[in-house]
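See below for entry-v4.cif, which holds mmCIF, C-alpha atoms.
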```
data_final
#
loop_
_atom_site.group_PDB
_atom_site.id
_atom_site.type_symbol
_atom_site.label_atom_id
_atom_site.label_comp_id
_atom_site.auth_asym_id
_atom_site.auth_seq_id
_atom_site.Cartn_x
_atom_site.Cartn_y
_atom_site.Cartn_z
ATOM 1 C CA MET A 1 -131.315 -65.248 -19.311
ATOM 2 C CA ASN A 2 -130.775 -63.012 -22.332
ATOM 3 C CA ASP A 3 -130.699 -66.077 -24.625
ATOM 4 C CA ILE A 4 -134.505 -66.455 -24.615
ATOM 5 C CA GLN A 5 -137.436 -64.821 -26.355
ATOM 6 C CA ALA A 6 -140.848 -64.373 -24.767
ATOM 7 C CA VAL A 7 -144.145 -62.588 -25.285
ATOM 8 C CA GLY A 8 -145.755 -60.165 -22.855
ATOM 9 C CA THR A 9 -148.389 -57.477 -22.659
ATOM 10 C CA HIS A 10 -148.604 -53.697 -22.976
ATOM 11 C CA ASN A 11 -150.388 -51.772 -20.187
ATOM 12 C CA SER A 12 -151.056 -55.155 -18.641
ATOM 13 C CA TYR A 13 -153.455 -53.911 -15.923
ATOM 14 C CA LYS A 14 -155.699 -51.920 -18.311
ATOM 15 C CA GLN A 15 -159.449 -52.539 -18.287
ATOM 16 C CA ALA A 16 -162.045 -51.462 -20.839
ATOM 17 C CA MET A 17 -163.164 -47.861 -20.771
ATOM 18 C CA SER A 18 -166.558 -47.016 -19.364
ATOM 19 C CA GLU A 19 -169.077 -45.604 -21.820
ATOM 20 C CA GLU A 20 -168.794 -42.216 -20.109
ATOM 21 C CA VAL A 21 -165.020 -42.128 -20.597
ATOM 22 C CA ARG A 22 -165.378 -43.415 -24.143
ATOM 23 C CA ARG A 23 -167.778 -40.584 -25.031
ATOM 24 C CA LYS A 24 -165.514 -37.923 -23.525
ATOM 25 C CA ILE A 25 -162.428 -39.165 -25.401
ATOM 26 C CA ALA A 26 -164.360 -39.651 -28.647
ATOM 27 C CA ALA A 27 -165.619 -36.068 -28.446
ATOM 28 C CA LYS A 28 -162.002 -34.902 -28.613
ATOM 29 C CA SER A 29 -160.561 -37.524 -30.972
ATOM 30 C CA ALA A 30 -162.181 -40.431 -32.797
ATOM 31 C CA LYS A 31 -158.721 -41.836 -33.490
ATOM 32 C CA ALA A 32 -157.723 -41.741 -29.812
ATOM 33 C CA VAL A 33 -160.765 -43.682 -28.675
ATOM 34 C CA LEU A 34 -159.953 -46.429 -31.184
ATOM 35 C CA ALA A 35 -156.301 -46.532 -30.055
ATOM 36 C CA LEU A 36 -157.398 -46.983 -26.433
ATOM 37 C CA ASP A 37 -160.027 -49.623 -27.146
ATOM 38 C CA TYR A 38 -158.273 -52.662 -25.694
ATOM 39 C CA SER A 39 -158.132 -54.359 -22.304
ATOM 40 C CA HIS A 40 -156.412 -57.228 -20.508
ATOM 41 C CA ARG A 41 -157.360 -60.159 -18.333
ATOM 42 C CA PRO A 42 -156.048 -60.350 -14.729
ATOM 43 C CA LEU A 43 -152.263 -60.487 -14.360
ATOM 44 C CA ALA A 44 -152.179 -64.062 -13.049
ATOM 45 C CA GLU A 45 -154.290 -65.228 -15.974
ATOM 46 C CA GLN A 46 -151.854 -63.596 -18.392
ATOM 47 C CA LEU A 47 -148.946 -65.324 -16.685
ATOM 48 C CA ASP A 48 -150.819 -68.637 -16.822
ATOM 49 C CA HIS A 49 -151.243 -68.087 -20.562
ATOM 50 C CA GLY A 50 -147.498 -67.624 -21.054
ATOM 51 C CA ALA A 51 -146.843 -63.905 -20.653
ATOM 52 C CA ARG A 52 -143.326 -63.347 -19.317
ATOM 53 C CA GLN A 53 -143.345 -59.561 -19.554
ATOM 54 C CA LEU A 54 -145.840 -57.187 -17.969
ATOM 55 C CA GLU A 55 -146.073 -53.425 -18.219
ATOM 56 C CA ILE A 56 -147.253 -51.296 -15.310
ATOM 57 C CA ASP A 57 -147.887 -47.537 -15.204
ATOM 58 C CA VAL A 58 -147.375 -46.024 -11.773
ATOM 59 C CA ASN A 59 -148.653 -42.713 -10.428
ATOM 60 C CA TYR A 60 -147.093 -41.148 -7.309
ATOM 61 C CA ASP A 61 -149.573 -40.843 -4.431
ATOM 62 C CA PRO A 62 -147.725 -40.870 -1.106
ATOM 63 C CA GLU A 63 -150.646 -39.676 1.024
ATOM 64 C CA GLY A 64 -153.442 -41.466 -0.865
ATOM 65 C CA GLY A 65 -156.579 -40.130 -2.484
ATOM 66 C CA TYR A 66 -154.921 -37.845 -5.033
ATOM 67 C CA TYR A 67 -156.373 -39.738 -7.991
ATOM 68 C CA ALA A 68 -159.700 -40.659 -6.381
ATOM 69 C CA GLY A 69 -161.568 -37.573 -7.600
ATOM 70 C CA ASN A 70 -165.188 -37.828 -6.486
ATOM 71 C CA SER A 71 -164.941 -41.601 -6.249
ATOM 72 C CA ASP A 72 -165.424 -43.438 -2.973
ATOM 73 C CA ASP A 73 -163.005 -46.144 -4.163
ATOM 74 C CA ALA A 74 -161.212 -47.255 -0.994
ATOM 75 C CA GLU A 75 -158.206 -48.573 -2.945
ATOM 76 C CA LEU A 76 -157.524 -45.175 -4.502
ATOM 77 C CA ARG A 77 -157.686 -43.532 -1.093
ATOM 78 C CA LYS A 78 -154.921 -45.649 0.423
ATOM 79 C CA PRO A 79 -151.348 -44.274 0.399
ATOM 80 C CA GLY A 80 -148.925 -45.627 -2.171
ATOM 81 C CA PHE A 81 -148.370 -45.784 -5.909
ATOM 82 C CA LYS A 82 -151.460 -46.168 -8.083
ATOM 83 C CA VAL A 83 -151.612 -48.165 -11.325
ATOM 84 C CA LEU A 84 -153.619 -46.109 -13.826
ATOM 85 C CA HIS A 85 -153.180 -45.575 -17.550
ATOM 86 C CA ILE A 86 -154.480 -42.004 -17.781
ATOM 87 C CA ALA A 87 -155.457 -40.685 -14.378
ATOM 88 C CA PHE A 88 -158.846 -38.938 -14.303
ATOM 89 C CA SER A 89 -159.699 -40.462 -17.705
ATOM 90 C CA ASP A 90 -158.806 -43.939 -19.067
ATOM 91 C CA ALA A 91 -158.049 -45.163 -15.562
ATOM 92 C CA ALA A 92 -159.846 -48.502 -15.164
ATOM 93 C CA SER A 93 -157.326 -50.963 -13.705
ATOM 94 C CA SER A 94 -157.380 -54.600 -12.636
ATOM 95 C CA CYS A 95 -155.132 -53.697 -9.679
ATOM 96 C CA GLU A 96 -155.325 -50.027 -8.748
ATOM 97 C CA ARG A 97 -152.529 -50.145 -6.173
ATOM 98 C CA LEU A 98 -148.988 -51.148 -7.085
ATOM 99 C CA VAL A 99 -148.725 -53.344 -3.999
ATOM 100 C CA THR A 100 -151.782 -55.271 -5.217
ATOM 101 C CA CYS A 101 -150.290 -55.839 -8.671
ATOM 102 C CA LEU A 102 -146.958 -56.902 -7.194
ATOM 103 C CA THR A 103 -148.602 -59.230 -4.709
ATOM 104 C CA GLN A 104 -150.446 -60.990 -7.517
ATOM 105 C CA ILE A 105 -147.196 -61.404 -9.487
ATOM 106 C CA ARG A 106 -145.247 -62.547 -6.419
ATOM 107 C CA ASP A 107 -147.866 -65.120 -5.476
ATOM 108 C CA TRP A 108 -148.050 -66.479 -9.022
ATOM 109 C CA SER A 109 -144.268 -66.735 -9.144
ATOM 110 C CA ARG A 110 -144.140 -68.635 -5.853
ATOM 111 C CA ALA A 111 -146.696 -71.088 -7.245
ATOM 112 C CA HIS A 112 -144.597 -71.565 -10.423
ATOM 113 C CA PRO A 113 -140.986 -71.491 -9.159
ATOM 114 C CA HIS A 114 -139.445 -72.724 -12.415
ATOM 115 C CA HIS A 115 -140.809 -69.977 -14.672
ATOM 116 C CA ALA A 116 -138.465 -68.051 -16.960
ATOM 117 C CA PRO A 117 -137.506 -64.568 -15.682
ATOM 118 C CA ILE A 118 -140.366 -62.095 -15.879
ATOM 119 C CA LEU A 119 -139.667 -58.549 -17.059
ATOM 120 C CA LEU A 120 -141.763 -55.934 -15.254
ATOM 121 C CA MET A 121 -141.507 -52.755 -17.303
ATOM 122 C CA PHE A 122 -142.684 -49.503 -15.696
ATOM 123 C CA ASN A 123 -143.742 -46.118 -16.994
ATOM 124 C CA THR A 124 -143.873 -43.384 -14.359
ATOM 125 C CA LYS A 125 -146.920 -41.250 -15.140
ATOM 126 C CA GLU A 126 -147.307 -37.573 -14.299
ATOM 127 C CA THR A 127 -150.925 -36.857 -15.207
ATOM 128 C CA GLY A 128 -152.716 -33.966 -13.551
ATOM 129 C CA ASP A 129 -156.221 -32.574 -13.489
ATOM 130 C CA GLU A 130 -155.671 -28.834 -13.700
ATOM 131 C CA ALA A 131 -159.396 -28.119 -14.103
ATOM 132 C CA HIS A 132 -159.954 -29.386 -10.568
ATOM 133 C CA GLY A 133 -156.779 -27.993 -9.014
ATOM 134 C CA LYS A 134 -154.692 -31.163 -9.231
ATOM 135 C CA PRO A 135 -151.326 -30.530 -10.900
ATOM 136 C CA ALA A 136 -149.249 -33.476 -12.002
ATOM 137 C CA LYS A 137 -147.382 -35.357 -9.269
ATOM 138 C CA ARG A 138 -143.738 -35.348 -10.353
ATOM 139 C CA PHE A 139 -141.241 -38.181 -10.017
ATOM 140 C CA THR A 140 -138.456 -36.639 -7.974
ATOM 141 C CA GLU A 141 -135.536 -38.603 -6.566
ATOM 142 C CA ALA A 142 -137.556 -39.024 -3.364
ATOM 143 C CA ALA A 143 -140.462 -40.450 -5.374
ATOM 144 C CA PHE A 144 -138.141 -42.938 -7.052
ATOM 145 C CA ASP A 145 -136.671 -43.894 -3.670
ATOM 146 C CA ALA A 146 -140.224 -44.572 -2.484
ATOM 147 C CA LEU A 147 -140.939 -46.633 -5.599
ATOM 148 C CA ASP A 148 -137.899 -48.840 -5.000
ATOM 149 C CA ALA A 149 -138.911 -49.225 -1.361
ATOM 150 C CA GLU A 150 -142.505 -50.160 -2.202
ATOM 151 C CA ILE A 151 -141.298 -52.852 -4.597
ATOM 152 C CA ARG A 152 -138.892 -54.264 -2.009
ATOM 153 C CA SER A 153 -141.714 -54.326 0.555
ATOM 154 C CA VAL A 154 -143.580 -56.866 -1.587
ATOM 155 C CA ILE A 155 -141.009 -58.744 -3.672
ATOM 156 C CA PRO A 156 -138.436 -60.610 -1.536
ATOM 157 C CA ARG A 157 -134.765 -60.101 -2.317
ATOM 158 C CA GLY A 158 -134.337 -63.712 -3.387
ATOM 159 C CA MET A 159 -136.917 -63.235 -6.139
ATOM 160 C CA LEU A 160 -135.256 -60.122 -7.595
ATOM 161 C CA ILE A 161 -132.624 -59.795 -10.317
ATOM 162 C CA LEU A 162 -131.035 -56.413 -9.635
ATOM 163 C CA PRO A 163 -128.536 -54.320 -11.600
ATOM 164 C CA ASP A 164 -125.984 -55.039 -8.844
ATOM 165 C CA ASP A 165 -126.415 -58.775 -9.448
ATOM 166 C CA VAL A 166 -125.495 -58.344 -13.102
ATOM 167 C CA GLN A 167 -122.718 -55.826 -12.552
ATOM 168 C CA GLY A 168 -120.954 -58.024 -10.032
ATOM 169 C CA GLY A 169 -117.295 -57.083 -9.871
ATOM 170 C CA TYR A 170 -117.226 -55.183 -13.172
ATOM 171 C CA PRO A 171 -116.517 -51.423 -13.135
ATOM 172 C CA THR A 172 -119.876 -50.616 -14.791
ATOM 173 C CA LEU A 173 -123.126 -52.378 -15.568
ATOM 174 C CA ARG A 174 -122.508 -51.929 -19.293
ATOM 175 C CA GLU A 175 -119.135 -53.670 -19.084
ATOM 176 C CA ALA A 176 -120.714 -56.580 -17.229
ATOM 177 C CA VAL A 177 -123.429 -56.948 -19.860
ATOM 178 C CA LEU A 178 -120.965 -56.836 -22.756
ATOM 179 C CA ALA A 179 -118.942 -59.509 -20.938
ATOM 180 C CA GLY A 180 -122.013 -61.766 -20.726
ATOM 181 C CA ASN A 181 -122.572 -61.470 -16.986
ATOM 182 C CA TRP A 182 -126.360 -61.874 -16.975
ATOM 183 C CA PRO A 183 -127.436 -64.763 -14.713
ATOM 184 C CA THR A 184 -127.881 -68.113 -16.417
ATOM 185 C CA LEU A 185 -131.437 -69.057 -17.298
ATOM 186 C CA ASP A 186 -131.482 -71.698 -14.557
ATOM 187 C CA ALA A 187 -130.304 -69.155 -11.981
ATOM 188 C CA ALA A 188 -132.923 -66.650 -13.161
ATOM 189 C CA ARG A 189 -135.878 -69.023 -12.982
ATOM 190 C CA GLY A 190 -138.540 -68.060 -10.481
ATOM 191 C CA LYS A 191 -137.343 -64.435 -10.472
ATOM 192 C CA VAL A 192 -138.435 -61.053 -11.800
ATOM 193 C CA PHE A 193 -136.561 -57.975 -12.909
ATOM 194 C CA PHE A 194 -137.666 -54.382 -13.384
ATOM 195 C CA ALA A 195 -136.994 -51.921 -16.203
ATOM 196 C CA LEU A 196 -137.733 -48.191 -16.168
ATOM 197 C CA ASP A 197 -138.987 -47.205 -19.613
ATOM 198 C CA GLU A 198 -138.495 -43.453 -19.540
ATOM 199 C CA HIS A 199 -136.747 -40.591 -21.327
ATOM 200 C CA GLU A 200 -133.241 -39.450 -20.475
ATOM 201 C CA ASP A 201 -134.222 -36.670 -18.063
ATOM 202 C CA LYS A 202 -136.268 -38.991 -15.865
ATOM 203 C CA VAL A 203 -133.662 -41.752 -16.047
ATOM 204 C CA ALA A 204 -131.068 -39.202 -14.882
ATOM 205 C CA ILE A 205 -133.199 -38.422 -11.820
ATOM 206 C CA TYR A 206 -133.446 -42.128 -11.014
ATOM 207 C CA ARG A 207 -129.697 -42.700 -11.379
ATOM 208 C CA GLY A 208 -128.681 -39.637 -9.427
ATOM 209 C CA LYS A 209 -124.897 -39.509 -9.039
ATOM 210 C CA ARG A 210 -124.397 -43.254 -9.401
ATOM 211 C CA LYS A 211 -121.848 -44.498 -11.904
ATOM 212 C CA SER A 212 -124.260 -47.202 -13.040
ATOM 213 C CA LEU A 213 -127.312 -48.234 -10.999
ATOM 214 C CA GLU A 214 -125.718 -49.215 -7.709
ATOM 215 C CA GLY A 215 -128.340 -49.994 -5.073
ATOM 216 C CA ARG A 216 -131.284 -49.458 -7.413
ATOM 217 C CA VAL A 217 -134.113 -51.876 -8.263
ATOM 218 C CA PHE A 218 -134.647 -50.895 -11.895
ATOM 219 C CA PHE A 219 -132.602 -51.365 -14.996
ATOM 220 C CA VAL A 220 -133.133 -48.286 -17.168
ATOM 221 C CA ASN A 221 -133.816 -47.553 -20.802
ATOM 222 C CA THR A 222 -130.740 -45.659 -21.952
ATOM 223 C CA ARG A 223 -128.205 -45.350 -24.765
ATOM 224 C CA GLU A 224 -125.913 -48.255 -25.519
ATOM 225 C CA ASP A 225 -122.834 -46.215 -24.544
ATOM 226 C CA SER A 226 -124.092 -45.345 -21.049
ATOM 227 C CA PRO A 227 -122.337 -46.943 -18.050
ATOM 228 C CA ALA A 228 -125.859 -47.997 -16.957
ATOM 229 C CA ALA A 229 -126.719 -49.680 -20.266
ATOM 230 C CA ALA A 230 -128.218 -53.169 -19.940
ATOM 231 C CA TYR A 231 -131.808 -52.818 -21.155
ATOM 232 C CA LEU A 232 -133.346 -50.956 -24.101
ATOM 233 C CA THR A 233 -136.901 -50.220 -25.207
ATOM 234 C CA LEU A 234 -136.904 -50.279 -29.013
ATOM 235 C CA ASN A 235 -140.556 -50.334 -29.967
ATOM 236 C CA ASP A 236 -140.391 -50.444 -33.776
ATOM 237 C CA PRO A 237 -139.053 -53.839 -34.897
ATOM 238 C CA ILE A 238 -139.288 -52.809 -38.553
ATOM 239 C CA ALA A 239 -137.497 -49.444 -38.563
ATOM 240 C CA GLN A 240 -135.163 -50.500 -35.715
ATOM 241 C CA ALA A 241 -134.583 -54.089 -36.852
ATOM 242 C CA GLU A 242 -130.831 -53.818 -37.340
ATOM 243 C CA ARG A 243 -130.291 -51.915 -34.124
ATOM 244 C CA ILE A 244 -132.263 -54.501 -32.145
ATOM 245 C CA LYS A 245 -130.261 -57.370 -33.645
ATOM 246 C CA ARG A 246 -126.982 -55.578 -32.993
ATOM 247 C CA ASP A 247 -127.887 -54.825 -29.381
ATOM 248 C CA VAL A 248 -129.145 -58.345 -28.704
ATOM 249 C CA LYS A 249 -125.939 -59.824 -30.155
ATOM 250 C CA ALA A 250 -123.894 -57.487 -27.958
ATOM 251 C CA GLY A 251 -125.630 -58.789 -24.827
ATOM 252 C CA PHE A 252 -128.317 -56.212 -24.067
ATOM 253 C CA ILE A 253 -131.913 -57.136 -23.274
ATOM 254 C CA VAL A 254 -134.459 -55.470 -25.583
ATOM 255 C CA ARG A 255 -138.230 -55.060 -25.446
ATOM 256 C CA THR A 256 -140.157 -54.333 -28.640
ATOM 257 C CA ARG A 257 -143.821 -54.289 -29.691
ATOM 258 C CA ALA A 258 -145.780 -56.559 -32.019
ATOM 259 C CA ASP A 259 -148.617 -54.044 -32.286
ATOM 260 C CA ALA A 260 -149.592 -50.575 -31.157
ATOM 261 C CA ASP A 261 -152.773 -48.539 -30.827
ATOM 262 C CA THR A 262 -154.909 -51.473 -32.069
ATOM 263 C CA TRP A 263 -154.021 -50.796 -35.730
ATOM 264 C CA GLU A 264 -152.330 -54.132 -36.505
ATOM 265 C CA ALA A 265 -155.225 -56.036 -34.976
ATOM 266 C CA ARG A 266 -157.816 -54.008 -36.858
ATOM 267 C CA ALA A 267 -156.030 -54.672 -40.155
ATOM 268 C CA GLY A 268 -155.081 -58.281 -39.337
ATOM 269 C CA ASN A 269 -151.528 -57.235 -40.179
ATOM 270 C CA LEU A 270 -148.790 -59.613 -38.960
ATOM 271 C CA THR A 271 -145.856 -57.758 -40.542
ATOM 272 C CA ARG A 272 -144.772 -56.071 -37.319
ATOM 273 C CA LEU A 273 -145.169 -59.284 -35.312
ATOM 274 C CA ARG A 274 -143.001 -61.216 -37.764
ATOM 275 C CA ALA A 275 -140.357 -58.481 -37.619
ATOM 276 C CA ALA A 276 -140.429 -58.539 -33.814
ATOM 277 C CA LEU A 277 -139.963 -62.306 -33.701
ATOM 278 C CA ALA A 278 -137.065 -62.163 -36.177
ATOM 279 C CA SER A 279 -135.387 -59.191 -34.466
ATOM 280 C CA GLY A 280 -134.165 -61.196 -31.479
ATOM 281 C CA ALA A 281 -135.762 -58.827 -28.975
ATOM 282 C CA GLN A 282 -136.066 -60.899 -25.817
ATOM 283 C CA TYR A 283 -139.495 -59.538 -24.892
ATOM 284 C CA ILE A 284 -142.275 -58.800 -27.394
ATOM 285 C CA SER A 285 -145.250 -56.870 -26.095
ATOM 286 C CA THR A 286 -148.830 -57.024 -27.384
ATOM 287 C CA ASP A 287 -152.370 -55.986 -26.561
ATOM 288 C CA TYR A 288 -153.614 -59.294 -27.998
ATOM 289 C CA LEU A 289 -152.341 -62.217 -25.975
ATOM 290 C CA TRP A 290 -155.817 -63.512 -26.736
ATOM 291 C CA GLU A 291 -157.810 -62.757 -29.860
ATOM 292 C CA ASP A 292 -160.344 -59.952 -29.440
ATOM 293 C CA PRO A 293 -163.661 -61.450 -30.657
ATOM 294 C CA ARG A 294 -164.454 -58.088 -32.263
ATOM 295 C CA LEU A 295 -161.232 -58.345 -34.310
ATOM 296 C CA PRO A 296 -160.947 -62.017 -35.255
ATOM 297 C CA GLY A 297 -157.776 -63.396 -36.727
ATOM 298 C CA TYR A 298 -155.165 -61.459 -34.771
ATOM 299 C CA ARG A 299 -153.318 -62.662 -31.685
ATOM 300 C CA VAL A 300 -149.670 -62.855 -30.643
ATOM 301 C CA ALA A 301 -147.797 -65.995 -29.617
ATOM 302 C CA LEU A 302 -144.369 -67.510 -30.080
ATOM 303 C CA PRO A 303 -143.930 -70.111 -32.814
ATOM 304 C CA GLY A 304 -144.764 -73.400 -31.139
ATOM 305 C CA GLY A 305 -146.973 -71.688 -28.603
ATOM 306 C CA GLY A 306 -144.758 -72.004 -25.502
ATOM 307 C CA PRO A 307 -144.007 -69.165 -23.079
ATOM 308 C CA VAL A 308 -140.309 -68.987 -24.076
ATOM 309 C CA ARG A 309 -138.052 -70.145 -26.890
ATOM 310 C CA CYS A 310 -134.390 -69.961 -27.788
ATOM 311 C CA ASN A 311 -133.557 -66.489 -29.010
ATOM 312 C CA PRO A 312 -133.353 -66.580 -32.830
ATOM 313 C CA VAL A 313 -130.393 -64.174 -32.845
ATOM 314 C CA ARG A 314 -128.393 -65.461 -29.879
ATOM 315 C CA CYS A 315 -128.976 -69.208 -30.005
ATOM 316 C CA PRO A 316 -130.830 -70.260 -33.157
ATOM 317 C CA GLY A 317 -131.601 -73.958 -33.256
ATOM 318 C CA GLY A 318 -130.827 -74.543 -29.595
ATOM 319 C CA ALA A 319 -132.840 -76.811 -27.319
ATOM 320 C CA GLU A 320 -136.102 -75.067 -26.465
ATOM 321 C CA PRO A 321 -136.391 -73.950 -22.834
ATOM 322 C CA LYS A 322 -139.605 -74.530 -20.880
ATOM 323 C CA GLU A 323 -141.932 -72.343 -18.803
#
```
Show how you would write the structure in this file as structure tokens.
Amino acid sequence: MNDIQAVGTHNSYKQAMSEEVRRKIAAKSAKAVLALDYSHRPLAEQLDHGARQLEIDVNYDPEGGYYAGNSDDAELRKPGFKVLHIAFSDAASSCERLVTCLTQIRDWSRAHPHHAPILLMFNTKETGDEAHGKPAKRFTEAAFDALDAEIRSVIPRGMLILPDDVQGGYPTLREAVLAGNWPTLDAARGKVFFALDEHEDKVAIYRGKRKSLEGRVFFVNTREDSPAAAYLTLNDPIAQAERIKRDVKAGFIVRTRADADTWEARAGNLTRLRAALASGAQYISTDYLWEDPRLPGYRVALPGGGPVRCNPVRCPGGAEPKE
């Protein structure tokens, strides 16, 4: 499953800002409002279009209602993790509850059982609203336990690729990856796997005292020499080109970005996209799976247009996989 390359989306749930939110952000930073001026179609539509990586931002809300503010939004008032980009600000989401997002992905997967493995990359947000007495909700070990449990409540075990599946009988996850112990592509079809894209301190909370990631749902973004190393977020395919190629050759799975903050699309600049495709990163994220009619001429797709292709670093010239 690490011998493929696929395209996915960044902040996959994100909807366009309201005019009120746009004005508030623009009053603080004209640059920021431009960087946030993108949105995505529903998750199932993205998957239909060939996305095989989705990114979801989760906010901890065990009792419900923490991020509702003055809204009467019933979804925000239900207990469970909320999917919001910037709570209390740029928060418009196509699926406000994590269970809703996961249900949409699960149902699409069941309807397309031969799809290539889908990477679900998570950021764990800790946004507060101090002006209204709402400090940030922190991701403690208990919060991460709840996150794993909420995922398992929606995604059946048979649809999951877990760190334990890859580690198998090897002493550490890293050793298993370097030995090539990822599932075959055929075995991984119809399944999803999760990656926690966070800094070292938060990853350490998620791992706890585990040697690798025993019993956990998420692979984690970490250094190549960590016993838990299997997945890496390396977002700059130009500056990090050699590192990405080296890590992909070694057996790790890497996610990079074809564009960021709308700048490539605004300039019609394909340099970063070309570098991402050549890097061998298995998953390439974009905000432009479709062309934005306001910014014609920029969209991201694999050469040939399919949802997956043979990885140009690991198996150049091989028979092209499907779905």
- Taken to one decimal, the atom CA of A:Lys14-atom CA of A:Ser39 distance is 5.3 Å
Residue members of the PyMOL selection byres ((chain A and resi 44-49) around 12) in the file shown, as a PDB file with C-alpha atoms, in the coordinates of the input:
```
ATOM      1  CA  ALA A   6    -140.848 -64.373 -24.767  1.00  0.00           C
ATOM      2  CA  VAL A   7    -144.145 -62.588 -25.285  1.00  0.00           C
ATOM      3  CA  GLY A   8    -145.755 -60.165 -22.855  1.00  0.00           C
ATOM      4  CA  THR A   9    -148.389 -57.477 -22.659  1.00  0.00           C
ATOM      5  CA  HIS A  10    -148.604 -53.697 -22.976  1.00  0.00           C
ATOM      6  CA  SER A  12    -151.056 -55.155 -18.641  1.00  0.00           C
ATOM      7  CA  TYR A  13    -153.455 -53.911 -15.923  1.00  0.00           C
ATOM      8  CA  SER A  39    -158.132 -54.359 -22.304  1.00  0.00           C
ATOM      9  CA  HIS A  40    -156.412 -57.228 -20.508  1.00  0.00           C
ATOM     10  CA  ARG A  41    -157.360 -60.159 -18.333  1.00  0.00           C
ATOM     11  CA  PRO A  42    -156.048 -60.350 -14.729  1.00  0.00           C
ATOM     12  CA  LEU A  43    -152.263 -60.487 -14.360  1.00  0.00           C
ATOM     13  CA  GLY A  50    -147.498 -67.624 -21.054  1.00  0.00           C
ATOM     14  CA  ALA A  51    -146.843 -63.905 -20.653  1.00  0.00           C
ATOM     15  CA  ARG A  52    -143.326 -63.347 -19.317  1.00  0.00           C
ATOM     16  CA  GLN A  53    -143.345 -59.561 -19.554  1.00  0.00           C
ATOM     17  CA  LEU A  54    -145.840 -57.187 -17.969  1.00  0.00           C
ATOM     18  CA  GLU A  55    -146.073 -53.425 -18.219  1.00  0.00           C
ATOM     19  CA  SER A  94    -157.380 -54.600 -12.636  1.00  0.00           C
ATOM     20  CA  CYS A  95    -155.132 -53.697  -9.679  1.00  0.00           C
ATOM     21  CA  THR A 100    -151.782 -55.271  -5.217  1.00  0.00           C
ATOM     22  CA  CYS A 101    -150.290 -55.839  -8.671  1.00  0.00           C
ATOM     23  CA  LEU A 102    -146.958 -56.902  -7.194  1.00  0.00           C
ATOM     24  CA  THR A 103    -148.602 -59.230  -4.709  1.00  0.00           C
ATOM     25  CA  GLN A 104    -150.446 -60.990  -7.517  1.00  0.00           C
ATOM     26  CA  ILE A 105    -147.196 -61.404  -9.487  1.00  0.00           C
ATOM     27  CA  ARG A 106    -145.247 -62.547  -6.419  1.00  0.00           C
ATOM     28  CA  ASP A 107    -147.866 -65.120  -5.476  1.00  0.00           C
ATOM     29  CA  TRP A 108    -148.050 -66.479  -9.022  1.00  0.00           C
ATOM     30  CA  SER A 109    -144.268 -66.735  -9.144  1.00  0.00           C
ATOM     31  CA  ARG A 110    -144.140 -68.635  -5.853  1.00  0.00           C
ATOM     32  CA  ALA A 111    -146.696 -71.088  -7.245  1.00  0.00           C
ATOM     33  CA  HIS A 112    -144.597 -71.565 -10.423  1.00  0.00           C
ATOM     34  CA  HIS A 115    -140.809 -69.977 -14.672  1.00  0.00           C
ATOM     35  CA  ALA A 116    -138.465 -68.051 -16.960  1.00  0.00           C
ATOM     36  CA  PRO A 117    -137.506 -64.568 -15.682  1.00  0.00           C
ATOM     37  CA  ILE A 118    -140.366 -62.095 -15.879  1.00  0.00           C
ATOM     38  CA  LEU A 119    -139.667 -58.549 -17.059  1.00  0.00           C
ATOM     39  CA  LEU A 120    -141.763 -55.934 -15.254  1.00  0.00           C
ATOM     40  CA  THR A 286    -148.830 -57.024 -27.384  1.00  0.00           C
ATOM     41  CA  ASP A 287    -152.370 -55.986 -26.561  1.00  0.00           C
ATOM     42  CA  TYR A 288    -153.614 -59.294 -27.998  1.00  0.00           C
ATOM     43  CA  LEU A 289    -152.341 -62.217 -25.975  1.00  0.00           C
ATOM     44  CA  TRP A 290    -155.817 -63.512 -26.736  1.00  0.00           C
ATOM     45  CA  VAL A 300    -149.670 -62.855 -30.643  1.00  0.00           C
ATOM     46  CA  ALA A 301    -147.797 -65.995 -29.617  1.00  0.00           C
ATOM     47  CA  LEU A 302    -144.369 -67.510 -30.080  1.00  0.00           C
ATOM     48  CA  GLY A 305    -146.973 -71.688 -28.603  1.00  0.00           C
ATOM     49  CA  GLY A 306    -144.758 -72.004 -25.502  1.00  0.00           C
ATOM     50  CA  PRO A 307    -144.007 -69.165 -23.079  1.00  0.00           C
ATOM     51  CA  VAL A 308    -140.309 -68.987 -24.076  1.00  0.00           C
ATOM     52  CA  GLU A 323    -141.932 -72.343 -18.803  1.00  0.00           C
TER      53      GLU A 323
END
```
- Message: Could you list, as a ChimeraX atom specification, every residue within 10 Å of stretch 214-227 of chain A, counting all atoms listed in the file and ignoring same-chain residues fewer than 4 positions away?
- Response: /A:120-122,144-145,147-149,151-152,160-165,167,171-176,193-200,202-204,206-207,209-210,231-234,247,250,252,254-255
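Counting only C-alpha atoms and comparing A:Ala278, A:Ile253, A:Val33, A:Ala260, the residue that lies closest to A:Ala16 is A:Val33.
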First collect every listed atom of stretch 66-85 of chain A; then fit an axis-aligned box around them, widen it by 3 Å on each side, and give centre and edge lengths in Å to one decimal, as JSON.
```
{"center_x": -156.9, "center_y": -43.1, "center_z": -8.6, "size_x": 23.1, "size_y": 17.0, "size_z": 24.0}
```
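You will find atom CA of A:Lys125 at 8.6 Å from atom CA of A:Ala87.
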- Query: With only C-alpha atoms as the basis for distance, which of A:Asp129, A:Gly251, A:Thr140, A:Arg23 is at the shortest distance from A:Trp182?
  - Reply: A:Gly251
